[in-house]
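Asker: Just passing along the structure, written as structure tokens.
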Amino acid sequence: MKKILFIVGSEFEDLELFAPMYRLVEEEHVVVVASPPGGVVTGKHGYSISTVKLSDVRPSEYDALVLPGGRGPERVRVQAREEAVRVIREIMDTGKPVAAICHGPQLLISADRVRGRRLTSYPGIAEDIINAGGTWVDQPVVVDKNLVTSRIPDDIPYMMREFIKLLRI
């Protein structure tokens with residue numbers, strides 16, 4: 001059983017939070033969702049979730065990280081960039097598994113953790129990844145060491161298959 005952190009901002013892509021979250025709960029992992037303000041946060045399709053405050057997160061307490069997309073990553077960058085960067089860098093730098101989908105890699109860009117990495121994302125931010133020193137690939141899932149990335153909600157099963165493999169190591 002692992003403790004897994006999700007970071008979301010308002011207008012996150014509902015499927016990219018809830019499908020992976022429930023899949024991880026199915027595997028008997030503990031999931032904690034954090035957001036800049038804490039409290040209830042609503043996705044772009046109207047689903048809400050209770051969250052802890054991002055500034056209260058201690059990365060050492062977590063075994064893995066998931067970054068859903070939608071508009072949430074942009075909201076996190078605007079509201080709590082420094083806190084998100086602190087958490088992401090510590091988790092990435094210790095080699096713990098990280099999954100990011102859609103616009104989730106925007107937070108990896110802010111944390112300067114795509115340089116020299118091979119990853120995918122929503123096609124609209126491919127140029128951002130390339131400009132940040134990453135190699136963007138257009139395929140459903142890309143695994144680069146401890147990082148698993150996917151493009152869109154249809155790719156969630158492939159992302160979760162690879163992410164769960166990393167959690168079992």
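Chain labels A, B, ... are given in the sequence in which chains occur in the structure tokens; within each chain residues are numbered consecutively from 1, and ligands are likewise numbered from 1 in the order shown.
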If you run DSSP over the backbone, which residues in region 31-166 of chain A end up alpha helix (DSSP H)? Put them as a ChimeraX atom specification.
Answerer: /A:72-93,105-110,126-131,156-166
Asker: Keeping only C-alpha atoms, write the selected residues as a short mmCIF file (atom, residue, chain, number, x, y, z; two decimals), in the first residue's frame.
Answerer:
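So selection-v9.cif came out as:
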```
data_model
loop_
_atom_site.label_atom_id
_atom_site.label_comp_id
_atom_site.auth_asym_id
_atom_site.auth_seq_id
_atom_site.Cartn_x
_atom_site.Cartn_y
_atom_site.Cartn_z
CA GLY A 72 -6.00 22.92 -13.17
CA PRO A 73 -2.24 23.00 -13.78
CA GLU A 74 -2.46 26.60 -15.01
CA ARG A 75 -4.49 27.54 -11.92
CA VAL A 76 -1.87 25.92 -9.67
CA ARG A 77 0.92 27.81 -11.48
CA VAL A 78 -0.87 31.12 -10.90
CA GLN A 79 -1.94 30.49 -7.30
CA ALA A 80 0.90 28.44 -5.82
CA ARG A 81 3.79 28.02 -8.25
CA GLU A 82 6.49 27.94 -5.54
CA GLU A 83 4.64 25.36 -3.45
CA ALA A 84 3.98 23.13 -6.46
CA VAL A 85 7.59 23.40 -7.60
CA ARG A 86 8.83 22.49 -4.11
CA VAL A 87 6.66 19.37 -3.96
CA ILE A 88 7.29 18.24 -7.53
CA ARG A 89 11.06 18.68 -7.34
CA GLU A 90 11.38 16.74 -4.11
CA ILE A 91 9.26 13.85 -5.38
CA MET A 92 10.90 13.76 -8.83
CA ASP A 93 14.42 14.10 -7.45
CA PRO A 105 3.30 18.49 -17.63
CA GLN A 106 2.94 22.29 -17.35
CA LEU A 107 3.74 21.82 -13.67
CA LEU A 108 6.78 19.71 -14.56
CA ILE A 109 7.92 22.56 -16.82
CA SER A 110 7.55 25.05 -13.95
CA ALA A 126 4.12 20.11 -27.09
CA GLU A 127 6.01 23.27 -28.00
CA ASP A 128 6.25 24.25 -24.32
CA ILE A 129 7.80 20.88 -23.52
CA ILE A 130 10.28 21.19 -26.38
CA ASN A 131 11.18 24.76 -25.33
CA ILE A 156 -5.79 6.86 -19.00
CA PRO A 157 -5.84 3.02 -19.12
CA TYR A 158 -2.37 2.96 -20.71
CA MET A 159 -1.01 5.54 -18.26
CA MET A 160 -2.38 3.68 -15.27
CA ARG A 161 -1.05 0.32 -16.49
CA GLU A 162 2.49 1.76 -16.61
CA PHE A 163 2.14 3.83 -13.43
CA ILE A 164 0.93 0.83 -11.43
CA LYS A 165 3.93 -1.17 -12.73
CA LEU A 166 6.23 1.50 -11.29
#
```
Asker: For the atom pair CA of Ser35 (chain A) and CA of Phe6 (chain A), what is the interatomic distance in Å to one decimal place?
Answerer: 8.6 Å
Asker: Between CA of Asp144 (chain A) and CA of Glu11 (chain A), measure the distance and give it in Å to one decimal.
Answerer: 27.7 Å
Asker: Find the residues near Leu15 (chain A): any atom within 10 Å, counting only C-alpha atoms, skip ones fewer than 4 places away on the same chain, and give them as a PyMOL selection string.
Answerer: chain A and resi 19-21+43-45+47+68-70+152-154+156
Asker: Counting only C-alpha atoms, figure out which residue out of A:Ala111, A:Val8, A:Val141, A:Ile125 gets nearest to Ile49 (chain A).
Answerer: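 Selected residue with least distance to Ile49 (chain A): A:Val8.
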Asker: Quote the spacing between CA of Asp112 (chain A) and CA of Gly134 (chain A) in Å to one decimal place.
Answerer: 9.9 Å
Asker: Give one line per residue of region 47-128 of chain A that approaches region 25-32 of chain A to at most 12 Å, naming the two atoms of the closest pair and their distance in Å to one decimal, counting only C-alpha atoms; sort by chain then ascending residue number and deliver it as JSON lines.
Answerer:
```
{"residue": "A:Ile49", "atom": "CA", "partner": "A:Val32", "partner_atom": "CA", "distance": 10.5}
{"residue": "A:Ser50", "atom": "CA", "partner": "A:Val32", "partner_atom": "CA", "distance": 9.4}
{"residue": "A:Thr51", "atom": "CA", "partner": "A:Val32", "partner_atom": "CA", "distance": 7.4}
{"residue": "A:Val52", "atom": "CA", "partner": "A:Val32", "partner_atom": "CA", "distance": 7.6}
{"residue": "A:Lys53", "atom": "CA", "partner": "A:Val32", "partner_atom": "CA", "distance": 10.6}
{"residue": "A:Leu54", "atom": "CA", "partner": "A:Val32", "partner_atom": "CA", "distance": 10.6}
{"residue": "A:Asp56", "atom": "CA", "partner": "A:Val32", "partner_atom": "CA", "distance": 11.9}
{"residue": "A:Val57", "atom": "CA", "partner": "A:Val32", "partner_atom": "CA", "distance": 9.7}
{"residue": "A:Arg58", "atom": "CA", "partner": "A:Val32", "partner_atom": "CA", "distance": 11.6}
{"residue": "A:Pro59", "atom": "CA", "partner": "A:Val32", "partner_atom": "CA", "distance": 11.6}
{"residue": "A:Glu61", "atom": "CA", "partner": "A:Val32", "partner_atom": "CA", "distance": 10.7}
{"residue": "A:Tyr62", "atom": "CA", "partner": "A:Val32", "partner_atom": "CA", "distance": 9.1}
{"residue": "A:Asp63", "atom": "CA", "partner": "A:Val30", "partner_atom": "CA", "distance": 9.9}
{"residue": "A:Ala64", "atom": "CA", "partner": "A:Val31", "partner_atom": "CA", "distance": 9.7}
{"residue": "A:Leu65", "atom": "CA", "partner": "A:Val31", "partner_atom": "CA", "distance": 9.6}
{"residue": "A:Val66", "atom": "CA", "partner": "A:Val31", "partner_atom": "CA", "distance": 9.8}
```
